>>> print(open('my_file_36.txt').read())   # compact mmCIF, C-alpha atoms and all ligand atoms
# COMPACT_ATOMS: atom_id res chain seq x y z
CA MET A 1 164.47 152.96 96.78
CA SER A 2 161.39 154.40 95.01
CA LEU A 3 161.31 158.13 95.63
CA PRO A 4 158.04 159.95 96.34
CA ILE A 5 156.39 161.65 93.33
CA TYR A 6 154.98 165.12 94.03
CA LEU A 7 152.28 166.56 91.78
CA ILE A 8 152.18 170.36 91.67
CA GLY A 9 150.07 172.87 89.76
CA ALA A 10 147.20 175.30 90.10
CA ARG A 11 143.74 174.47 91.41
CA GLY A 12 141.89 172.19 89.02
CA CYS A 13 144.91 170.90 87.08
CA GLY A 14 144.22 167.36 88.31
CA LYS A 15 146.72 166.73 91.12
CA THR A 16 144.21 164.77 93.22
CA THR A 17 142.55 162.95 90.29
CA ILE A 18 145.70 162.12 88.37
CA GLY A 19 147.55 161.34 91.59
CA GLN A 20 145.11 158.57 92.45
CA ALA A 21 145.31 157.08 88.95
CA LEU A 22 149.10 157.38 88.81
CA SER A 23 149.50 155.68 92.19
CA GLN A 24 147.43 152.74 90.93
CA ALA A 25 149.44 152.55 87.70
CA LEU A 26 152.69 152.44 89.71
CA GLY A 27 151.45 150.30 92.59
CA TYR A 28 152.35 153.23 94.88
CA ALA A 29 150.50 154.59 97.89
CA PHE A 30 148.57 157.84 97.39
CA SER A 31 148.51 160.87 99.70
CA ASP A 32 146.99 164.31 99.34
CA THR A 33 148.17 167.16 101.57
CA ASP A 34 144.70 168.72 101.71
CA HIS A 35 143.07 165.40 102.58
CA ASN A 36 145.77 164.86 105.24
CA LEU A 37 145.01 168.26 106.76
CA GLN A 38 141.28 167.59 106.77
CA LEU A 39 141.91 164.25 108.49
CA THR A 40 144.26 165.62 111.14
CA THR A 41 142.32 168.81 111.90
CA GLN A 42 138.82 167.49 111.21
CA ARG A 43 138.26 170.78 109.39
CA THR A 44 138.01 171.81 105.74
CA VAL A 45 140.39 174.26 104.15
CA ALA A 46 137.67 176.92 104.29
CA GLU A 47 137.16 176.33 108.02
CA ILE A 48 140.87 176.50 108.76
CA VAL A 49 141.25 179.71 106.73
CA ALA A 50 138.17 181.29 108.33
CA ALA A 51 139.35 180.42 111.84
CA GLU A 52 143.11 180.98 111.50
CA GLY A 53 143.79 182.85 108.25
CA TRP A 54 145.78 181.88 105.14
CA ASP A 55 149.19 182.20 106.81
CA SER A 56 148.25 179.56 109.37
CA PHE A 57 146.85 177.32 106.64
CA ARG A 58 150.13 177.64 104.73
CA ALA A 59 152.11 176.66 107.84
CA ARG A 60 149.88 173.61 108.31
CA GLU A 61 150.29 172.80 104.61
CA THR A 62 154.07 172.79 105.05
CA GLU A 63 153.74 170.38 107.98
CA SER A 64 151.39 168.19 105.97
CA LEU A 65 153.92 167.89 103.14
CA ARG A 66 156.48 166.43 105.52
CA ALA A 67 153.93 164.24 107.25
CA VAL A 68 152.85 162.49 104.03
CA THR A 69 156.30 162.24 102.40
CA ALA A 70 157.27 158.57 102.15
CA PRO A 71 158.93 156.26 99.61
CA ALA A 72 156.82 154.78 96.78
CA THR A 73 154.07 157.36 97.33
CA VAL A 74 152.34 159.71 94.89
CA ILE A 75 151.63 162.97 96.70
CA ALA A 76 149.01 165.41 95.45
CA THR A 77 149.89 168.81 96.88
CA GLY A 78 147.62 171.82 97.28
CA GLY A 79 147.91 174.40 94.52
CA GLY A 80 149.71 176.88 96.79
CA MET A 81 152.37 174.47 98.09
CA VAL A 82 155.01 176.11 95.87
CA LEU A 83 154.49 179.53 97.46
CA ALA A 84 156.96 178.66 100.23
CA GLU A 85 160.58 178.33 99.09
CA VAL A 86 161.15 175.76 101.83
CA ASN A 87 158.49 173.55 100.25
CA ARG A 88 159.89 174.00 96.76
CA ARG A 89 163.35 172.94 97.97
CA PHE A 90 161.94 170.06 100.07
CA MET A 91 160.06 168.53 97.15
CA ARG A 92 162.96 168.84 94.72
CA GLU A 93 165.36 167.28 97.21
CA HIS A 94 163.09 164.45 98.35
CA GLY A 95 161.44 163.22 95.18
CA GLN A 96 160.42 163.66 91.57
CA VAL A 97 158.26 166.76 90.99
CA ILE A 98 155.70 166.80 88.18
CA TRP A 99 153.93 170.03 87.12
CA LEU A 100 150.47 169.40 85.68
CA ASN A 101 150.18 172.44 83.43
CA ALA A 102 146.93 173.60 81.83
CA PRO A 103 145.68 177.05 80.73
CA SER A 104 143.64 179.06 83.24
CA THR A 105 140.57 178.79 80.98
CA VAL A 106 140.65 175.00 81.32
CA LEU A 107 141.21 175.21 85.06
CA ALA A 108 138.34 177.69 85.51
CA ASP A 109 135.99 175.51 83.46
CA ARG A 110 136.77 172.48 85.61
CA LEU A 111 136.45 174.45 88.85
CA GLU A 112 133.13 175.96 87.81
CA ARG A 113 131.82 172.46 87.13
CA GLN A 114 133.03 171.09 90.49
CA PRO A 115 134.00 174.00 92.78
CA GLU A 116 134.53 171.97 95.97
CA ALA A 117 134.19 175.34 97.72
CA ALA A 118 134.87 173.83 101.16
CA GLN A 119 138.39 172.93 100.00
CA ARG A 120 138.82 175.93 97.69
CA PRO A 121 137.76 179.14 99.43
CA THR A 122 138.31 182.14 97.21
CA LEU A 123 141.89 183.40 97.00
CA THR A 124 141.10 186.84 95.59
CA GLY A 125 137.35 187.44 95.94
CA ARG A 126 137.12 187.67 92.15
CA PRO A 127 135.18 185.37 89.77
CA ILE A 128 136.92 182.00 89.21
CA ALA A 129 137.97 182.73 85.61
CA GLU A 130 139.67 185.99 86.63
CA GLU A 131 141.16 184.44 89.76
CA MET A 132 142.67 181.49 87.93
CA SER A 133 144.17 183.75 85.25
CA ASP A 134 145.80 185.91 87.93
CA ILE A 135 146.92 182.98 90.11
CA LEU A 136 148.48 181.14 87.18
CA ARG A 137 150.30 184.29 86.03
CA GLU A 138 151.65 184.85 89.55
CA ARG A 139 152.68 181.26 90.22
CA ALA A 140 153.73 179.81 86.84
CA HIS A 141 157.41 180.59 87.47
CA LEU A 142 157.24 178.82 90.85
CA TYR A 143 155.72 175.68 89.33
CA ARG A 144 158.30 175.78 86.51
CA GLN A 145 161.33 176.20 88.78
CA THR A 146 160.13 173.46 91.18
CA ALA A 147 159.25 170.79 88.62
CA HIS A 148 161.58 168.13 87.28
CA HIS A 149 158.99 167.39 84.58
CA GLU A 150 156.14 169.41 83.05
CA VAL A 151 153.10 167.55 81.70
CA ASN A 152 150.19 168.77 79.58
CA ALA A 153 147.24 168.43 81.97
CA MET A 154 144.64 169.30 79.31
CA GLN A 155 144.70 165.73 78.04
CA ALA A 156 142.36 162.97 79.20
CA PRO A 157 143.44 161.56 82.58
CA GLU A 158 144.76 158.32 81.05
CA GLN A 159 146.96 160.29 78.66
CA VAL A 160 148.26 162.49 81.45
CA VAL A 161 149.22 159.39 83.44
CA ASP A 162 150.92 157.87 80.39
CA GLN A 163 152.92 161.05 79.78
CA ILE A 164 154.06 161.10 83.41
CA LEU A 165 155.13 157.44 83.22
CA GLN A 166 157.10 158.19 80.05
CA SER A 167 158.77 161.21 81.68
CA LEU A 168 159.74 159.16 84.73
CA SER A 169 161.06 156.22 82.72
CA LEU A 170 163.09 158.55 80.50
CA ALA A 171 164.47 160.15 83.66
CA ARG A 172 165.38 156.75 85.12
CA ALA A 173 167.00 155.66 81.84
CA SER A 174 169.22 158.73 81.65
N1 LIG A 201 142.78 165.46 82.78
C1 LIG A 201 141.53 165.85 83.15
N2 LIG A 201 140.56 165.97 82.23
C2 LIG A 201 139.31 166.37 82.58
N3 LIG A 201 138.92 166.68 83.85
C3 LIG A 201 139.88 166.59 84.81
C4 LIG A 201 141.22 166.17 84.52
N4 LIG A 201 141.91 166.17 85.70
C5 LIG A 201 141.05 166.57 86.65
N5 LIG A 201 139.81 166.81 86.13
C6 LIG A 201 138.63 167.31 86.85
O1 LIG A 201 138.95 168.61 87.28
C7 LIG A 201 138.48 168.84 88.64
C8 LIG A 201 139.67 169.15 89.53
O2 LIG A 201 140.47 167.98 89.64
P1 LIG A 201 141.39 167.76 90.95
O3 LIG A 201 142.05 166.46 90.80
O4 LIG A 201 140.58 168.04 92.18
O5 LIG A 201 142.45 168.94 90.76
P2 LIG A 201 143.46 169.60 91.83
O6 LIG A 201 143.67 168.60 92.93
O7 LIG A 201 144.70 169.89 91.03
O8 LIG A 201 142.78 170.85 92.30
C9 LIG A 201 137.73 167.57 89.04
O9 LIG A 201 136.34 167.78 88.76
C10 LIG A 201 138.31 166.51 88.11
O10 LIG A 201 137.35 165.48 87.85
O1 LIG A 202 145.77 177.17 95.05
C1 LIG A 202 145.70 177.25 96.32
O2 LIG A 202 146.27 178.14 96.99
C2 LIG A 202 144.91 176.20 97.04
C3 LIG A 202 144.59 175.03 96.39
C4 LIG A 202 143.77 173.96 97.04
O3 LIG A 202 144.17 172.64 96.63
P1 LIG A 202 143.87 172.06 95.13
O4 LIG A 202 144.91 172.66 94.21
O5 LIG A 202 143.99 170.57 95.25
O6 LIG A 202 142.48 172.52 94.77
C5 LIG A 202 143.87 174.03 98.55
O7 LIG A 202 145.16 173.63 98.98
C6 LIG A 202 143.58 175.44 99.02
O8 LIG A 202 142.27 175.78 98.67
C7 LIG A 202 144.58 176.44 98.46
MG MG A 203 143.59 168.62 94.96
>>> encode(input="my_file_36.txt", output="structure tokens", more="lines below")
Ligand SMILES: Nc1ncnc2c1ncn2[C@@H]1O[C@H](COP(=O)(O)OP(=O)(O)O)[C@@H](O)[C@H]1O
Ligand SMILES: O=C(O)C1=C[C@@H](OP(=O)(O)O)[C@@H](O)[C@H](O)C1
Ligand SMILES: [Mg+2]
Amino acid sequence: MSLPIYLIGARGCGKTTIGQALSQALGYAFSDTDHNLQLTTQRTVAEIVAAEGWDSFRARETESLRAVTAPATVIATGGGMVLAEVNRRFMREHGQVIWLNAPSTVLADRLERQPEAAQRPTLTGRPIAEEMSDILRERAHLYRQTAHHEVNAMQAPEQVVDQILQSLSLARAS
């Protein structure tokens, strides 16, 4: 049976973008926990956080992870999915976990170009470059301990997809 593939990493690393391309390359379905939440609640992340707070958003995010988990599916998670140990364990036990790793400077540059503020309300109230440096420093160990494979997300999307495919095929071969 083809296990789900979970993409993890900080905001802007490419989980949603690469996830869509990877799903096409594999002939898998594609799901995104943030998109799933927007569909089920009819609200953006910013609206959920404003109305209910971050703790409630995180609880909904945990539900969304389970709701979208299915065989032969590439799942783009939200950048904070790894904050909850229960999510880290769930992903490792139910599928292959890929960390799209890129420096905070690259992430900040991408996010400044396309903020998508409705889905990415500020986490710290600080400018994006500072925020991403802090967030990556705080979470890097969580991404590292959750991932089965780490991929350089600075590359062009096609190269990131190729590296993931190589990692997965090497894993299957071993
Ligand atoms: N490998 C890449 N190279 C260049 N730009 C990228 C790459 N991956 C994603 N992007 C861009 O970065 C921004 C964030 O991508 P997205 O997939 O939304 O990331 P995430 O879901 O991890 O927050 C988008 O504007 C996207 O087009
Ligand atoms: O890093 C985070 O805590 C978040 C990342 C966002 O998803 P993306 O990583 O897809 O932007 C979204 O889940 C929410 O704004 C919280
Ligand atoms: Mg995303």
>>> atom_distance(input="my_file_36.txt", atom1="CA of Asn152 in chain A", atom2="CA of Trp99 in chain A")
8.5 Å
>>> closest_residue(input="my_file_36.txt", among="A:Val160, A:Met154, A:Ala29, A:Ala10", to="Val82 in chain A", atoms="all atoms listed in the file")
A:Ala10
>>> closest_atom_pairs(input="my_file_36.txt", of="chain A", to="ligand LIG 201 (chain A)", cutoff="10 Å", atoms="only C-alpha atoms and all ligand atoms", output="JSON lines")
{"residue": "A:Leu7", "atom": "CA", "partner": "A:LIG201", "partner_atom": "O7", "distance": 8.3}
{"residue": "A:Ile8", "atom": "CA", "partner": "A:LIG201", "partner_atom": "O7", "distance": 7.5}
{"residue": "A:Gly9", "atom": "CA", "partner": "A:LIG201", "partner_atom": "O7", "distance": 6.3}
{"residue": "A:Ala10", "atom": "CA", "partner": "A:LIG201", "partner_atom": "O7", "distance": 6.0}
{"residue": "A:Arg11", "atom": "CA", "partner": "A:LIG201", "partner_atom": "O8", "distance": 3.8}
{"residue": "A:Gly12", "atom": "CA", "partner": "A:LIG201", "partner_atom": "O8", "distance": 3.7}
{"residue": "A:Cys13", "atom": "CA", "partner": "A:LIG201", "partner_atom": "O7", "distance": 4.1}
{"residue": "A:Gly14", "atom": "CA", "partner": "A:LIG201", "partner_atom": "O5", "distance": 3.4}
{"residue": "A:Lys15", "atom": "CA", "partner": "A:LIG201", "partner_atom": "O7", "distance": 3.8}
{"residue": "A:Thr16", "atom": "CA", "partner": "A:LIG201", "partner_atom": "O3", "distance": 3.7}
{"residue": "A:Thr17", "atom": "CA", "partner": "A:LIG201", "partner_atom": "O3", "distance": 3.6}
{"residue": "A:Ile18", "atom": "CA", "partner": "A:LIG201", "partner_atom": "N4", "distance": 6.2}
{"residue": "A:Gly19", "atom": "CA", "partner": "A:LIG201", "partner_atom": "O3", "distance": 7.6}
{"residue": "A:Gln20", "atom": "CA", "partner": "A:LIG201", "partner_atom": "O3", "distance": 8.6}
{"residue": "A:Asp32", "atom": "CA", "partner": "A:LIG201", "partner_atom": "O6", "distance": 8.4}
{"residue": "A:Thr33", "atom": "CA", "partner": "A:LIG201", "partner_atom": "O6", "distance": 9.8}
{"residue": "A:Asp34", "atom": "CA", "partner": "A:LIG201", "partner_atom": "O6", "distance": 8.8}
{"residue": "A:Ala76", "atom": "CA", "partner": "A:LIG201", "partner_atom": "O6", "distance": 6.7}
{"residue": "A:Thr77", "atom": "CA", "partner": "A:LIG201", "partner_atom": "O6", "distance": 7.4}
{"residue": "A:Gly78", "atom": "CA", "partner": "A:LIG201", "partner_atom": "O6", "distance": 6.7}
{"residue": "A:Gly79", "atom": "CA", "partner": "A:LIG201", "partner_atom": "O7", "distance": 6.5}
{"residue": "A:Leu100", "atom": "CA", "partner": "A:LIG201", "partner_atom": "O7", "distance": 7.9}
{"residue": "A:Asn101", "atom": "CA", "partner": "A:LIG201", "partner_atom": "O7", "distance": 9.7}
{"residue": "A:Ala102", "atom": "CA", "partner": "A:LIG201", "partner_atom": "N1", "distance": 9.2}
{"residue": "A:Val106", "atom": "CA", "partner": "A:LIG201", "partner_atom": "C2", "distance": 8.8}
{"residue": "A:Leu107", "atom": "CA", "partner": "A:LIG201", "partner_atom": "O1", "distance": 7.3}
{"residue": "A:Ala108", "atom": "CA", "partner": "A:LIG201", "partner_atom": "O1", "distance": 9.3}
{"residue": "A:Asp109", "atom": "CA", "partner": "A:LIG201", "partner_atom": "O1", "distance": 8.4}
{"residue": "A:Arg110", "atom": "CA", "partner": "A:LIG201", "partner_atom": "O1", "distance": 4.7}
{"residue": "A:Leu111", "atom": "CA", "partner": "A:LIG201", "partner_atom": "C7", "distance": 6.0}
{"residue": "A:Glu112", "atom": "CA", "partner": "A:LIG201", "partner_atom": "O9", "distance": 8.8}
{"residue": "A:Arg113", "atom": "CA", "partner": "A:LIG201", "partner_atom": "O9", "distance": 6.7}
{"residue": "A:Gln114", "atom": "CA", "partner": "A:LIG201", "partner_atom": "O9", "distance": 5.0}
{"residue": "A:Pro115", "atom": "CA", "partner": "A:LIG201", "partner_atom": "O9", "distance": 7.8}
{"residue": "A:Glu116", "atom": "CA", "partner": "A:LIG201", "partner_atom": "O4", "distance": 8.1}
{"residue": "A:Gln119", "atom": "CA", "partner": "A:LIG201", "partner_atom": "O8", "distance": 9.1}
{"residue": "A:Arg120", "atom": "CA", "partner": "A:LIG201", "partner_atom": "O8", "distance": 8.4}
{"residue": "A:Asn152", "atom": "CA", "partner": "A:LIG201", "partner_atom": "N1", "distance": 8.7}
{"residue": "A:Ala153", "atom": "CA", "partner": "A:LIG201", "partner_atom": "N1", "distance": 5.4}
{"residue": "A:Met154", "atom": "CA", "partner": "A:LIG201", "partner_atom": "N1", "distance": 5.5}
{"residue": "A:Gln155", "atom": "CA", "partner": "A:LIG201", "partner_atom": "N1", "distance": 5.1}
{"residue": "A:Ala156", "atom": "CA", "partner": "A:LIG201", "partner_atom": "N1", "distance": 4.4}
{"residue": "A:Pro157", "atom": "CA", "partner": "A:LIG201", "partner_atom": "N1", "distance": 4.0}
{"residue": "A:Glu158", "atom": "CA", "partner": "A:LIG201", "partner_atom": "N1", "distance": 7.6}
{"residue": "A:Gln159", "atom": "CA", "partner": "A:LIG201", "partner_atom": "N1", "distance": 7.8}
{"residue": "A:Val160", "atom": "CA", "partner": "A:LIG201", "partner_atom": "N1", "distance": 6.4}
{"residue": "A:Val161", "atom": "CA", "partner": "A:LIG201", "partner_atom": "N1", "distance": 8.9}
>>> atom_distance(input="my_file_36.txt", atom1="CA of Ile164 in chain A", atom2="CA of Ala84 in chain A")
24.5 Å
>>> residues_around(input="my_file_36.txt", residues="range 36-41 of chain A", least_positions_apart="4", cutoff="10 Å", atoms="all atoms listed in the file", output="mmCIF file with C-alpha atoms, in the coordinates of the input")
data_model
loop_
_atom_site.group_PDB
_atom_site.id
_atom_site.type_symbol
_atom_site.label_atom_id
_atom_site.label_comp_id
_atom_site.auth_asym_id
_atom_site.auth_seq_id
_atom_site.Cartn_x
_atom_site.Cartn_y
_atom_site.Cartn_z
ATOM 1 C CA SER A 31 148.510 160.870 99.700
ATOM 2 C CA ASP A 32 146.990 164.310 99.340
ATOM 3 C CA VAL A 45 140.390 174.260 104.150
ATOM 4 C CA GLU A 47 137.160 176.330 108.020
ATOM 5 C CA ILE A 48 140.870 176.500 108.760
ATOM 6 C CA PHE A 57 146.850 177.320 106.640
ATOM 7 C CA ARG A 60 149.880 173.610 108.310
ATOM 8 C CA GLU A 61 150.290 172.800 104.610
ATOM 9 C CA GLU A 63 153.740 170.380 107.980
ATOM 10 C CA SER A 64 151.390 168.190 105.970
ATOM 11 C CA LEU A 65 153.920 167.890 103.140
ATOM 12 C CA ALA A 67 153.930 164.240 107.250
ATOM 13 C CA VAL A 68 152.850 162.490 104.030
ATOM 14 C CA GLN A 119 138.390 172.930 100.000
#
>>> residues_around(input="my_file_36.txt", residues="Thr62 in chain A", least_positions_apart="3", cutoff="8 Å", atoms="only C-alpha atoms", output="PyMOL selection string")
chain A and resi 58-59+65-66+81+87
>>> atom_distance(input="my_file_36.txt", atom1="CA of Phe90 in chain A", atom2="CA of Ala25 in chain A")
24.8 Å
>>> closest_residue(input="my_file_36.txt", among="A:Leu170, A:Phe30, A:His149, A:Leu165", to="Arg92 in chain A", atoms="all atoms listed in the file")
A:His149
>>> residues_near_point(input="my_file_36.txt", point="(156.2, 176.0, 90.0)", cutoff="8 Å", atoms="all atoms listed in the file", output="PDB file with C-alpha atoms, in the coordinates of the input")
ATOM      1  CA  ILE A   8     152.180 170.360  91.670  1.00  0.00           C
ATOM      2  CA  GLY A   9     150.070 172.870  89.760  1.00  0.00           C
ATOM      3  CA  VAL A  82     155.010 176.110  95.870  1.00  0.00           C
ATOM      4  CA  ARG A  88     159.890 174.000  96.760  1.00  0.00           C
ATOM      5  CA  TRP A  99     153.930 170.030  87.120  1.00  0.00           C
ATOM      6  CA  ARG A 139     152.680 181.260  90.220  1.00  0.00           C
ATOM      7  CA  ALA A 140     153.730 179.810  86.840  1.00  0.00           C
ATOM      8  CA  HIS A 141     157.410 180.590  87.470  1.00  0.00           C
ATOM      9  CA  LEU A 142     157.240 178.820  90.850  1.00  0.00           C
ATOM     10  CA  TYR A 143     155.720 175.680  89.330  1.00  0.00           C
ATOM     11  CA  ARG A 144     158.300 175.780  86.510  1.00  0.00           C
ATOM     12  CA  GLN A 145     161.330 176.200  88.780  1.00  0.00           C
ATOM     13  CA  THR A 146     160.130 173.460  91.180  1.00  0.00           C
ATOM     14  CA  ALA A 147     159.250 170.790  88.620  1.00  0.00           C
TER      15      ALA A 147
END
>>> closest_residue(input="my_file_36.txt", among="A:Thr44, A:Gln24, A:Ser167, A:Ser56", to="Val97 in chain A", atoms="all atoms listed in the file")
A:Ser167
>>> closest_residue(input="my_file_36.txt", among="A:Glu85, A:Glu150, A:Asp134, A:Asp162", to="ligand LIG 202 (chain A)", atoms="only C-alpha atoms and all ligand atoms")
A:Asp134
>>> closest_residue(input="my_file_36.txt", among="A:Met91, A:Ile128, A:Ala117, A:Leu136", to="ligand MG 203 (chain A)", atoms="only C-alpha atoms and all ligand atoms")
A:Ala117
>>> closest_residue(input="my_file_36.txt", among="A:Val151, A:Gln166, A:Ile75, A:Arg89", to="ligand MG 203 (chain A)", atoms="all atoms listed in the file")
A:Ile75
>>> decode(input="my_file_36.txt", residues="range 59-80 of chain A", atoms="N, CA, C and O atoms", output="short mmCIF file (atom, residue, chain, number, x, y, z; two decimals), in the first residue's frame")
data_model
loop_
_atom_site.label_atom_id
_atom_site.label_comp_id
_atom_site.auth_asym_id
_atom_site.auth_seq_id
_atom_site.Cartn_x
_atom_site.Cartn_y
_atom_site.Cartn_z
N ALA A 59 -5.45 23.13 17.52
CA ALA A 59 -6.31 21.95 17.74
C ALA A 59 -7.01 21.57 16.44
O ALA A 59 -7.10 20.38 16.07
N ARG A 60 -7.48 22.57 15.71
CA ARG A 60 -8.13 22.32 14.42
C ARG A 60 -7.14 21.74 13.42
O ARG A 60 -7.45 20.85 12.63
N GLU A 61 -5.89 22.24 13.51
CA GLU A 61 -4.83 21.76 12.60
C GLU A 61 -4.56 20.27 12.85
O GLU A 61 -4.38 19.50 11.91
N THR A 62 -4.58 19.88 14.10
CA THR A 62 -4.37 18.47 14.46
C THR A 62 -5.49 17.61 13.90
O THR A 62 -5.26 16.52 13.36
N GLU A 63 -6.73 18.11 13.98
CA GLU A 63 -7.88 17.39 13.40
C GLU A 63 -7.73 17.27 11.88
O GLU A 63 -8.00 16.23 11.28
N SER A 64 -7.27 18.38 11.29
CA SER A 64 -7.16 18.42 9.83
C SER A 64 -6.15 17.39 9.34
O SER A 64 -6.36 16.71 8.33
N LEU A 65 -5.06 17.23 10.09
CA LEU A 65 -4.03 16.24 9.71
C LEU A 65 -4.64 14.86 9.61
O LEU A 65 -4.38 14.11 8.66
N ARG A 66 -5.46 14.51 10.56
CA ARG A 66 -6.09 13.18 10.53
C ARG A 66 -7.14 13.07 9.43
O ARG A 66 -7.29 12.04 8.80
N ALA A 67 -7.83 14.17 9.22
CA ALA A 67 -8.91 14.17 8.22
C ALA A 67 -8.36 13.95 6.80
O ALA A 67 -9.01 13.31 5.97
N VAL A 68 -7.18 14.48 6.53
CA VAL A 68 -6.66 14.40 5.14
C VAL A 68 -5.73 13.20 4.95
O VAL A 68 -5.33 12.91 3.83
N THR A 69 -5.36 12.53 6.02
CA THR A 69 -4.42 11.39 5.91
C THR A 69 -5.11 10.25 5.17
O THR A 69 -6.18 9.80 5.57
N ALA A 70 -4.47 9.83 4.08
CA ALA A 70 -5.02 8.73 3.26
C ALA A 70 -3.87 8.13 2.46
O ALA A 70 -2.86 8.80 2.22
N PRO A 71 -4.03 6.87 2.01
CA PRO A 71 -2.95 6.28 1.21
C PRO A 71 -2.73 7.07 -0.09
O PRO A 71 -3.61 7.80 -0.55
N ALA A 72 -1.55 6.92 -0.66
CA ALA A 72 -1.22 7.51 -1.97
C ALA A 72 -1.62 8.99 -2.04
O ALA A 72 -2.23 9.44 -3.01
N THR A 73 -1.30 9.71 -0.98
CA THR A 73 -1.62 11.15 -0.92
C THR A 73 -0.39 11.93 -0.45
O THR A 73 0.27 11.52 0.50
N VAL A 74 -0.10 13.02 -1.13
CA VAL A 74 0.94 13.96 -0.67
C VAL A 74 0.21 15.01 0.16
O VAL A 74 -0.77 15.61 -0.30
N ILE A 75 0.69 15.20 1.39
CA ILE A 75 0.02 16.11 2.33
C ILE A 75 0.95 17.25 2.69
O ILE A 75 1.99 17.05 3.33
N ALA A 76 0.56 18.47 2.29
CA ALA A 76 1.29 19.67 2.68
C ALA A 76 0.74 20.10 4.03
O ALA A 76 -0.46 20.36 4.16
N THR A 77 1.61 20.13 5.04
CA THR A 77 1.14 20.53 6.37
C THR A 77 1.41 22.03 6.57
O THR A 77 2.16 22.65 5.82
N GLY A 78 0.78 22.61 7.58
CA GLY A 78 1.11 23.98 7.95
C GLY A 78 2.45 23.98 8.68
O GLY A 78 2.83 22.99 9.30
N GLY A 79 3.13 25.12 8.63
CA GLY A 79 4.49 25.19 9.18
C GLY A 79 4.59 24.89 10.66
O GLY A 79 5.65 24.51 11.16
N GLY A 80 3.46 25.00 11.40
CA GLY A 80 3.49 24.75 12.84
C GLY A 80 2.99 23.38 13.24
O GLY A 80 2.84 23.07 14.42
#
